[in-house]
>>> print(open('data_20.txt').read())   # compact mmCIF, C-alpha atoms (C1' of nucleotides)
# COMPACT_ATOMS: atom_id res chain seq x y z
CA MET A 922 -76.05 -49.17 -33.77
CA ARG A 923 -76.04 -47.09 -36.86
CA LEU A 924 -77.81 -48.11 -39.99
CA THR A 925 -76.26 -46.64 -43.09
CA THR A 926 -75.62 -47.63 -46.66
CA LYS A 927 -72.23 -48.89 -45.58
CA GLY A 928 -73.81 -51.65 -43.55
CA ARG A 929 -76.14 -52.43 -46.42
CA PHE A 930 -73.26 -52.85 -48.80
CA ALA A 931 -71.66 -55.22 -46.34
CA VAL A 932 -74.80 -57.30 -45.90
CA THR A 933 -75.42 -57.37 -49.62
CA ALA A 934 -71.89 -58.53 -50.27
CA MET A 935 -72.17 -61.16 -47.55
CA ILE A 936 -75.32 -62.53 -49.11
CA ASP A 937 -73.51 -62.73 -52.40
CA VAL A 938 -70.67 -64.67 -50.80
CA ALA A 939 -73.14 -66.94 -49.05
CA MET A 940 -75.00 -67.64 -52.28
CA HIS A 941 -71.93 -68.29 -54.39
CA GLY A 942 -69.69 -69.99 -51.87
CA ALA A 943 -70.75 -73.54 -52.67
CA ASN A 944 -67.77 -74.18 -54.95
CA GLY A 945 -64.93 -72.74 -52.95
CA PRO A 946 -63.95 -69.20 -52.05
CA VAL A 947 -65.62 -66.24 -53.70
CA THR A 948 -63.43 -63.50 -55.09
CA LEU A 949 -64.17 -59.90 -54.34
CA ALA A 950 -63.80 -59.19 -58.03
CA ALA A 951 -66.82 -61.40 -58.68
CA VAL A 952 -68.82 -59.78 -55.89
CA SER A 953 -67.82 -56.39 -57.21
CA GLU A 954 -69.10 -57.20 -60.66
CA ARG A 955 -72.32 -58.86 -59.54
CA GLN A 956 -73.24 -56.27 -56.95
CA ARG A 957 -71.72 -53.24 -58.60
CA ILE A 958 -69.68 -52.24 -55.60
CA SER A 959 -66.19 -50.86 -56.10
CA LEU A 960 -63.53 -53.49 -55.52
CA SER A 961 -61.48 -51.35 -53.19
CA TYR A 962 -64.48 -50.53 -51.10
CA LEU A 963 -65.21 -54.24 -50.82
CA GLU A 964 -61.62 -54.81 -49.77
CA GLN A 965 -62.02 -52.31 -46.99
CA LEU A 966 -65.27 -53.85 -45.84
CA PHE A 967 -63.99 -57.41 -46.00
CA GLY A 968 -60.86 -56.41 -44.14
CA LYS A 969 -63.09 -55.51 -41.25
CA LEU A 970 -65.30 -58.55 -41.69
CA ARG A 971 -62.24 -60.76 -41.63
CA ARG A 972 -60.80 -59.11 -38.53
CA SER A 973 -64.16 -59.61 -36.89
CA GLY A 974 -64.07 -63.30 -37.64
CA ILE A 975 -67.10 -63.19 -39.89
CA VAL A 976 -65.32 -64.31 -43.03
CA ALA A 977 -62.04 -66.09 -43.70
CA SER A 978 -59.75 -65.52 -46.63
CA VAL A 979 -57.74 -67.77 -48.93
CA ARG A 980 -54.90 -66.16 -50.78
CA GLY A 981 -53.50 -66.94 -54.14
CA PRO A 982 -55.15 -68.23 -57.31
CA GLY A 983 -58.48 -69.89 -56.64
CA GLY A 984 -58.61 -67.96 -53.42
CA GLY A 985 -61.18 -65.53 -52.12
CA TYR A 986 -63.44 -65.26 -49.13
CA HIS A 987 -65.77 -67.70 -47.49
CA LEU A 988 -67.99 -67.51 -44.45
CA ALA A 989 -66.15 -68.20 -41.22
CA ARG A 990 -69.29 -69.76 -39.78
CA ALA A 991 -72.49 -71.24 -41.15
CA ALA A 992 -74.86 -68.68 -42.64
CA ALA A 993 -77.39 -69.60 -39.98
CA GLN A 994 -74.88 -68.57 -37.35
CA LEU A 995 -74.22 -65.15 -38.82
CA SER A 996 -76.58 -62.33 -37.99
CA VAL A 997 -77.14 -59.06 -39.78
CA ALA A 998 -76.24 -57.29 -36.55
CA GLN A 999 -72.80 -58.86 -36.48
CA ILE A 1000 -72.10 -57.79 -40.03
CA ILE A 1001 -73.23 -54.23 -39.50
CA VAL A 1002 -71.35 -53.85 -36.25
CA ALA A 1003 -68.20 -55.15 -37.94
CA VAL A 1004 -68.15 -52.52 -40.67
CA ASP A 1005 -70.02 -49.63 -39.06
CA GLU A 1006 -67.54 -49.02 -36.33
CA PRO A 1007 -68.93 -47.71 -33.08
CA ILE A 1008 -67.02 -44.44 -32.82
CA ASP A 1009 -68.84 -41.90 -30.77
CA ALA A 1010 -70.12 -44.10 -27.94
CA THR A 1011 -72.66 -41.27 -27.78
CA GLN A 1012 -70.39 -38.34 -27.21
CA CYS A 1013 -69.14 -38.84 -23.67
CA GLY A 1014 -68.23 -42.51 -23.50
CA GLY A 1015 -65.37 -42.34 -21.08
CA LEU A 1016 -65.00 -38.59 -21.22
CA GLU A 1017 -65.49 -36.48 -18.16
CA ASN A 1018 -67.61 -33.77 -19.73
CA CYS A 1019 -70.78 -35.53 -18.74
CA HIS A 1020 -71.82 -33.66 -15.66
CA ASP A 1021 -75.50 -32.99 -15.69
CA ASP A 1022 -78.01 -35.79 -15.51
CA ARG A 1023 -79.67 -34.74 -18.72
CA ARG A 1024 -76.75 -35.88 -20.71
CA CYS A 1025 -77.01 -39.32 -19.26
CA MET A 1026 -80.69 -39.43 -19.97
CA THR A 1027 -79.92 -39.38 -23.66
CA HIS A 1028 -77.41 -42.13 -23.27
CA ASP A 1029 -79.54 -44.51 -21.32
CA LEU A 1030 -82.37 -43.86 -23.66
CA TRP A 1031 -80.40 -44.68 -26.73
CA ALA A 1032 -78.70 -47.57 -25.13
CA GLY A 1033 -82.16 -49.01 -24.64
CA LEU A 1034 -83.25 -48.41 -28.19
CA ASN A 1035 -79.92 -49.71 -29.38
CA ASN A 1036 -80.51 -52.88 -27.47
CA HIS A 1037 -83.90 -53.33 -29.07
CA ILE A 1038 -82.72 -52.78 -32.60
CA PHE A 1039 -79.60 -54.76 -32.02
CA SER A 1040 -81.41 -57.78 -30.67
CA PHE A 1041 -83.86 -57.57 -33.53
CA LEU A 1042 -81.10 -57.58 -36.12
CA SER A 1043 -79.34 -60.27 -34.16
CA GLY A 1044 -82.31 -62.47 -34.84
CA VAL A 1045 -82.03 -62.05 -38.58
CA THR A 1046 -79.51 -64.51 -39.95
CA LEU A 1047 -77.70 -64.52 -43.23
CA ALA A 1048 -79.28 -67.87 -43.96
CA GLN A 1049 -82.74 -66.34 -43.71
CA LEU A 1050 -81.84 -63.55 -46.10
CA VAL A 1051 -80.35 -66.00 -48.56
CA ALA A 1052 -83.44 -68.20 -48.41
CA GLN A 1053 -85.66 -65.17 -48.87
CA GLN A 1054 -83.58 -64.08 -51.80
CA GLU A 1055 -83.68 -67.47 -53.45
CA GLN A 1056 -87.44 -67.62 -53.09
CA ALA A 1057 -87.72 -64.22 -54.70
CA ALA A 1058 -85.58 -65.42 -57.58
CA ILE A 1059 -87.85 -68.42 -58.06
CA ARG A 1060 -90.97 -66.28 -57.95
CA ALA A 1061 -89.47 -63.93 -60.50
CA ALA A 1062 -88.57 -66.83 -62.76
CA LEU A 1063 -92.09 -68.20 -62.61
CA HIS A 1064 -93.71 -64.84 -63.09
CA ASP A 1065 -91.61 -63.81 -66.03
CA ALA A 1066 -92.01 -67.24 -67.60
CA ARG A 1067 -91.73 -65.84 -71.09
CA PRO A 1068 -88.13 -65.14 -72.11
CA ALA A 1069 -87.86 -61.48 -71.31
CA PRO A 1070 -85.44 -59.53 -73.46
CA ALA A 1071 -82.23 -59.06 -71.54
CA GLY A 1072 -81.76 -55.77 -69.79
CA THR A 1073 -85.38 -54.73 -69.66
CA THR A 1074 -86.56 -56.14 -66.35
CA PRO A 1075 -88.06 -53.23 -64.46
CA CYS A 1076 -86.83 -52.65 -60.97
CA LYS A 1077 -89.76 -52.86 -58.63
CA VAL A 1078 -88.89 -51.09 -55.44
CA PRO A 1079 -91.64 -51.31 -52.86
CA VAL A 1080 -92.88 -47.95 -51.67
CA THR A 1081 -91.50 -48.60 -48.24
CA ALA A 1082 -88.01 -48.80 -49.61
CA ALA A 1083 -87.82 -45.04 -49.45
CA VAL A 1084 -88.44 -45.10 -45.72
CA MET B 63 -84.82 -46.18 -42.88
CA ARG B 64 -81.53 -44.77 -41.81
CA LEU B 65 -80.50 -44.61 -38.22
CA THR B 66 -78.08 -41.82 -37.48
CA THR B 67 -77.31 -39.39 -34.71
CA LYS B 68 -79.59 -36.92 -36.42
CA GLY B 69 -82.60 -39.06 -35.66
CA ARG B 70 -81.37 -39.51 -32.11
CA PHE B 71 -81.14 -35.79 -31.60
CA ALA B 72 -84.69 -35.46 -32.84
CA VAL B 73 -86.03 -38.19 -30.60
CA THR B 74 -84.15 -36.84 -27.61
CA ALA B 75 -85.53 -33.38 -28.23
CA MET B 76 -89.02 -34.77 -28.66
CA ILE B 77 -88.79 -36.55 -25.34
CA ASP B 78 -87.72 -33.30 -23.77
CA VAL B 79 -90.70 -31.52 -25.24
CA ALA B 80 -93.00 -34.31 -24.12
CA MET B 81 -91.64 -34.22 -20.58
CA HIS B 82 -91.79 -30.45 -20.21
CA GLY B 83 -94.90 -29.68 -22.18
CA ALA B 84 -97.31 -29.86 -19.26
CA ASN B 85 -97.32 -26.10 -18.73
CA GLY B 86 -97.66 -24.81 -22.24
CA PRO B 87 -95.29 -24.74 -25.19
CA VAL B 88 -91.63 -25.58 -24.77
CA THR B 89 -89.08 -23.22 -26.28
CA LEU B 90 -86.25 -24.58 -28.32
CA ALA B 91 -83.92 -22.46 -26.23
CA ALA B 92 -84.89 -24.52 -23.18
CA VAL B 93 -84.46 -27.80 -25.06
CA SER B 94 -81.14 -26.57 -26.35
CA GLU B 95 -79.89 -25.85 -22.86
CA ARG B 96 -81.19 -29.04 -21.27
CA GLN B 97 -80.10 -31.39 -24.03
CA ARG B 98 -77.01 -29.49 -25.12
CA ILE B 99 -78.04 -29.38 -28.74
CA SER B 100 -77.30 -26.27 -30.75
CA LEU B 101 -80.33 -24.02 -31.02
CA SER B 102 -80.03 -23.57 -34.76
CA TYR B 103 -79.76 -27.27 -35.30
CA LEU B 104 -82.91 -27.76 -33.28
CA GLU B 105 -84.61 -25.13 -35.40
CA GLN B 106 -83.78 -27.13 -38.49
CA LEU B 107 -85.01 -30.36 -36.96
CA PHE B 108 -88.22 -28.88 -35.59
CA GLY B 109 -88.91 -27.22 -38.89
CA LYS B 110 -89.12 -30.67 -40.37
CA LEU B 111 -91.04 -32.08 -37.43
CA ARG B 112 -93.58 -29.29 -37.77
CA ARG B 113 -93.98 -29.77 -41.50
CA SER B 114 -94.53 -33.46 -40.83
CA GLY B 115 -97.33 -32.66 -38.42
CA ILE B 116 -95.51 -34.13 -35.44
CA VAL B 117 -95.28 -30.92 -33.47
CA ALA B 118 -97.15 -27.63 -33.62
CA SER B 119 -95.71 -24.22 -32.93
CA VAL B 120 -96.91 -21.16 -31.09
CA ARG B 121 -95.24 -17.94 -32.00
CA GLY B 122 -94.53 -14.94 -29.85
CA PRO B 123 -93.78 -14.64 -26.15
CA GLY B 124 -94.81 -17.66 -24.16
CA GLY B 125 -94.70 -19.60 -27.38
CA GLY B 126 -92.73 -22.65 -28.37
CA TYR B 127 -93.48 -26.14 -29.56
CA HIS B 128 -95.89 -28.75 -28.33
CA LEU B 129 -96.78 -32.21 -29.54
CA ALA B 130 -99.31 -32.22 -32.34
CA ARG B 131 -100.71 -35.49 -31.04
CA ALA B 132 -100.67 -37.38 -27.77
CA ALA B 133 -97.29 -38.90 -26.91
CA ALA B 134 -98.87 -42.33 -27.12
CA GLN B 135 -99.79 -41.60 -30.73
CA LEU B 136 -96.28 -40.60 -31.79
CA SER B 137 -93.83 -43.30 -32.73
CA VAL B 138 -90.07 -43.16 -32.90
CA ALA B 139 -90.31 -44.18 -36.53
CA GLN B 140 -92.37 -41.12 -37.40
CA ILE B 141 -89.84 -38.82 -35.77
CA ILE B 142 -86.87 -40.40 -37.47
CA VAL B 143 -88.52 -40.45 -40.87
CA ALA B 144 -89.41 -36.79 -40.48
CA VAL B 145 -85.85 -35.60 -39.94
CA ASP B 146 -83.82 -38.29 -41.70
CA GLU B 147 -85.12 -37.63 -45.14
CA PRO B 148 -85.32 -40.63 -47.44
CA ILE B 149 -82.99 -39.53 -50.22
CA ASP B 150 -81.50 -42.41 -52.07
CA ALA B 151 -84.52 -44.69 -52.27
CA THR B 152 -81.74 -47.23 -52.61
CA GLN B 153 -79.97 -45.86 -55.61
CA CYS B 154 -82.34 -46.52 -58.49
CA GLY B 155 -85.77 -45.56 -57.12
CA GLY B 156 -87.39 -44.44 -60.31
CA LEU B 157 -84.23 -44.37 -62.34
CA GLU B 158 -83.79 -46.55 -65.34
CA ASN B 159 -80.23 -47.67 -64.64
CA CYS B 160 -81.48 -50.77 -62.92
CA HIS B 161 -81.10 -53.41 -65.56
CA ASP B 162 -79.65 -56.54 -64.16
CA ASP B 163 -81.54 -58.59 -61.63
CA ARG B 164 -78.78 -58.37 -59.08
CA ARG B 165 -79.44 -54.75 -58.50
CA CYS B 166 -83.03 -55.47 -57.66
CA MET B 167 -81.99 -58.21 -55.31
CA THR B 168 -80.42 -55.61 -53.08
CA HIS B 169 -83.46 -53.44 -53.23
CA ASP B 170 -86.01 -56.05 -52.37
CA LEU B 171 -83.77 -57.28 -49.65
CA TRP B 172 -83.42 -53.93 -47.99
CA ALA B 173 -87.00 -53.05 -48.50
CA GLY B 174 -87.80 -56.12 -46.43
CA LEU B 175 -85.37 -55.25 -43.69
CA ASN B 176 -86.57 -51.68 -43.79
CA ASN B 177 -90.08 -52.88 -43.23
CA HIS B 178 -89.02 -54.91 -40.25
CA ILE B 179 -87.09 -52.14 -38.59
CA PHE B 180 -89.69 -49.59 -39.47
CA SER B 181 -92.53 -51.55 -38.02
CA PHE B 182 -90.50 -52.22 -34.93
CA LEU B 183 -89.78 -48.53 -34.39
CA SER B 184 -93.38 -47.77 -35.22
CA GLY B 185 -94.33 -49.78 -32.18
CA VAL B 186 -92.19 -47.68 -29.87
CA THR B 187 -94.13 -44.61 -28.81
CA LEU B 188 -92.88 -41.39 -27.34
CA ALA B 189 -95.05 -42.07 -24.31
CA GLN B 190 -93.17 -45.31 -23.67
CA LEU B 191 -89.82 -43.57 -23.86
CA VAL B 192 -90.98 -40.82 -21.53
CA ALA B 193 -92.27 -43.34 -19.02
CA GLN B 194 -89.04 -45.28 -19.25
CA GLN B 195 -87.10 -42.09 -18.74
CA GLU B 196 -89.14 -41.04 -15.73
CA GLN B 197 -88.67 -44.42 -14.14
CA ALA B 198 -84.95 -44.15 -14.66
CA ALA B 199 -84.96 -40.74 -13.00
CA ILE B 200 -86.81 -42.16 -10.01
CA ARG B 201 -84.41 -45.08 -9.73
CA ALA B 202 -81.48 -42.72 -9.90
CA ALA B 203 -82.97 -40.51 -7.21
CA LEU B 204 -83.49 -43.48 -4.91
CA HIS B 205 -80.09 -44.92 -5.58
CA ASP B 206 -78.16 -41.71 -5.08
CA ALA B 207 -80.14 -40.92 -1.94
CA ARG B 208 -77.24 -39.03 -0.40
CA PRO B 209 -76.89 -35.49 -1.75
CA ALA B 210 -74.25 -35.98 -4.38
CA PRO B 211 -72.02 -32.98 -5.00
CA ALA B 212 -73.19 -31.26 -8.13
CA GLY B 213 -71.31 -32.04 -11.27
CA THR B 214 -69.78 -35.29 -10.16
CA THR B 215 -72.36 -37.84 -11.20
CA PRO B 216 -70.52 -40.31 -13.38
CA CYS B 217 -72.03 -41.05 -16.70
CA LYS B 218 -72.79 -44.71 -16.87
CA VAL B 219 -73.06 -45.76 -20.44
CA PRO B 220 -74.00 -49.40 -20.84
CA VAL B 221 -71.55 -51.37 -22.88
CA THR B 222 -74.11 -51.87 -25.57
CA ALA B 223 -74.33 -48.14 -26.12
CA ALA B 224 -71.26 -48.37 -28.25
CA VAL B 225 -73.00 -50.73 -30.59
C1' DG C 133 -93.37 -0.72 -29.81
C1' DT C 134 -90.66 -3.65 -27.68
C1' DT C 135 -89.66 -8.24 -26.56
C1' DT C 136 -90.17 -13.05 -27.31
C1' DA C 137 -89.79 -16.86 -30.11
C1' DG C 138 -90.75 -19.21 -34.33
C1' DT C 139 -89.26 -19.22 -39.55
C1' DT C 140 -86.23 -19.16 -43.24
C1' DG C 141 -82.09 -19.41 -45.90
C1' DA C 142 -77.36 -19.18 -46.76
C1' DC C 143 -72.96 -20.47 -45.43
C1' DT C 144 -69.35 -23.19 -43.01
C1' DA C 145 -66.28 -26.97 -40.75
C1' DA C 146 -65.95 -31.64 -39.78
C1' DT C 147 -67.05 -36.18 -40.69
C1' DT C 148 -68.52 -40.08 -43.44
C1' DT C 149 -69.01 -42.37 -47.87
C1' DG C 150 -67.45 -44.35 -51.75
C1' DT C 151 -63.80 -44.47 -55.09
C1' DT C 152 -59.19 -44.42 -57.30
C1' DC C 153 -54.44 -45.43 -57.26
C1' DG C 154 -50.30 -47.64 -56.12
C1' DG C 155 -48.06 -50.59 -54.08
C1' DG C 156 -47.23 -54.87 -51.42
C1' DT C 157 -47.53 -60.43 -50.04
C1' DA C 158 -49.03 -65.36 -50.22
C1' DT C 159 -49.98 -69.19 -53.08
C1' DA C 160 -51.26 -72.28 -57.10
C1' DC C 161 -49.49 -73.80 -61.14
C1' DA C 162 -46.55 -74.34 -65.16
C1' DT D 297 -38.26 -70.50 -60.71
C1' DG D 298 -41.39 -67.60 -62.70
C1' DT D 299 -45.96 -65.79 -63.26
C1' DA D 300 -50.62 -64.94 -62.64
C1' DT D 301 -54.13 -64.61 -59.15
C1' DA D 302 -56.11 -62.56 -55.42
C1' DC D 303 -55.75 -61.06 -50.84
C1' DC D 304 -53.79 -57.07 -48.18
C1' DC D 305 -52.73 -52.22 -47.01
C1' DG D 306 -52.57 -47.26 -46.96
C1' DA D 307 -52.89 -42.74 -48.85
C1' DA D 308 -55.41 -39.50 -51.26
C1' DC D 309 -59.70 -37.79 -52.87
C1' DA D 310 -64.62 -35.93 -54.37
C1' DA D 311 -69.14 -36.01 -52.86
C1' DA D 312 -72.53 -36.17 -49.52
C1' DT D 313 -74.07 -35.67 -44.81
C1' DT D 314 -73.84 -33.77 -40.20
C1' DA D 315 -73.71 -30.27 -37.08
C1' DG D 316 -73.41 -25.72 -36.19
C1' DT D 317 -73.36 -20.49 -37.11
C1' DC D 318 -75.16 -16.21 -38.71
C1' DA D 319 -78.45 -12.96 -40.21
C1' DA D 320 -82.75 -11.40 -41.33
C1' DC D 321 -87.62 -11.89 -41.03
C1' DT D 322 -92.62 -12.60 -39.10
C1' DA D 323 -96.31 -13.31 -35.55
C1' DA D 324 -97.93 -12.47 -31.14
C1' DA D 325 -97.97 -10.89 -26.12
C1' DC D 326 -97.54 -7.26 -23.09
>>> encode(input="data_20.txt", output="structure tokens")
Amino acid sequence: MRLTTKGRFAVTAMIDVAMHGANGPVTLAAVSERQRISLSYLEQLFGKLRRSGIVASVRGPGGGYHLARAAAQLSVAQIIVAVDEPIDATQCGGLENCHDDRRCMTHDLWAGLNNHIFSFLSGVTLAQLVAQQEQAAIRAALHDARPAPAGTTPCKVPVTAAV
Amino acid sequence: MRLTTKGRFAVTAMIDVAMHGANGPVTLAAVSERQRISLSYLEQLFGKLRRSGIVASVRGPGGGYHLARAAAQLSVAQIIVAVDEPIDATQCGGLENCHDDRRCMTHDLWAGLNNHIFSFLSGVTLAQLVAQQEQAAIRAALHDARPAPAGTTPCKVPVTAAV
DNA sequence: GTTTAGTTGACTAATTTGTTCGGGTATACA
DNA sequence: TGTATACCCGAACAAATTAGTCAACTAAAC
């Protein structure tokens, strides 16, 4: 289980699809514009998401992507695994160059940690993230009750974001 | 909080130091040989670990690295943060190019997930990993009671390792 | 003073990330 | 039947990151 910006893009895009999918399929062009992710990159990501059965596509005009399952049935772990392909398998997967025990120590160790992180992210559903996001939007609307001039909202990134 | 092989190398090396640190400092050369990590790469990683106050160094003959605190006081999160520098801060940290709300949506979202993962990994101590590793070694020793020919132990990587 | 081992920095190859381009194909709609 | 929409696919690419190498230096033990 890797955790890179690639997976974040995928999750972000999936949240966007989940939030805008009420009235039919969501186009990647719309996601691209809203989330500022290059269209082609989205195409690559959604190709994987589709092949993983996480989203389904509708071609032609009025087409786009929609969730293949309910948002409550889709976990962050599934999304990340779909786009952040495994590769590696920790350097000796099926290879025979794994002779000394030490090597295996690393593997077992990380397999364990992987399991922990994976099961944690498996417990976080898209539905939860969407709900969290919608609440945040409501809070923001209430807080900035006065009509703020467009394009001036400061971006408050919690300190921990840099972690 | 990124989660890459770099962090894994660091944690693996730290476990090695923790397990072999009973009789004085552990040299990177020894870690390099046992864990099959390039010496120079370890030097880079331990440079960061030292500057983060996670390990302390002893120079000269008989020198090496030892934990700066008890293994029970060192979390996986600390190690990973030390070597996997933050960079990014999710693309707009202090920058002013964060105008539309959507951008901030991503940030808040990931800050939240970061917090979750971070606090989870903060709860995993080096001492726990060492204990887990020692138990595994004991199990392996009991299981492979017969004297296995050197260099033939198969490397069993759990399926989930590929995740 | 010689050896050990940390310390630093520069430099490199390989991989990953994110993007751009250039073409396809399926479908709704006129 | 045509045309616009939007999914699909692959190649090529710059930038960043990862992992490793090399070389020179400093502190300490013996």
>>> closest_atom_pairs(input="data_20.txt", of="chain C", to="segment 308-314 of chain D", cutoff="9 Å", atoms="all atoms listed in the file", output="JSON lines")
{"residue": "C:DA146", "atom": "C1'", "partner": "D:DT314", "partner_atom": "C1'", "distance": 8.2}
{"residue": "C:DT147", "atom": "C1'", "partner": "D:DT314", "partner_atom": "C1'", "distance": 7.2}
{"residue": "C:DT148", "atom": "C1'", "partner": "D:DT313", "partner_atom": "C1'", "distance": 7.2}
{"residue": "C:DT149", "atom": "C1'", "partner": "D:DA312", "partner_atom": "C1'", "distance": 7.3}
{"residue": "C:DG150", "atom": "C1'", "partner": "D:DA311", "partner_atom": "C1'", "distance": 8.6}
{"residue": "C:DT151", "atom": "C1'", "partner": "D:DC309", "partner_atom": "C1'", "distance": 8.1}
{"residue": "C:DT152", "atom": "C1'", "partner": "D:DC309", "partner_atom": "C1'", "distance": 8.0}
{"residue": "C:DC153", "atom": "C1'", "partner": "D:DA308", "partner_atom": "C1'", "distance": 8.5}
>>> closest_residue(input="data_20.txt", among="D:DA323, D:DA307, D:DA302, D:DA315", to="chain A", atoms="only C-alpha atoms (C1' of nucleotides)")
D:DA302
>>> atom_distance(input="data_20.txt", atom1="atom CA of Gly122 of chain B", atom2="atom CA of Ser137 of chain B")
28.5 Å
>>> residues_near_point(input="data_20.txt", point="(-51.8, -60.0, -49.8)", cutoff="10 Å", atoms="only C-alpha atoms (C1' of nucleotides)", output="PyMOL selection string")
(chain A and resi 979-981) or (chain C and resi 156-159) or (chain D and resi 302-305)
>>> atom_distance(input="data_20.txt", atom1="atom CA of Leu988 of chain A", atom2="atom CA of Gly968 of chain A")
13.2 Å
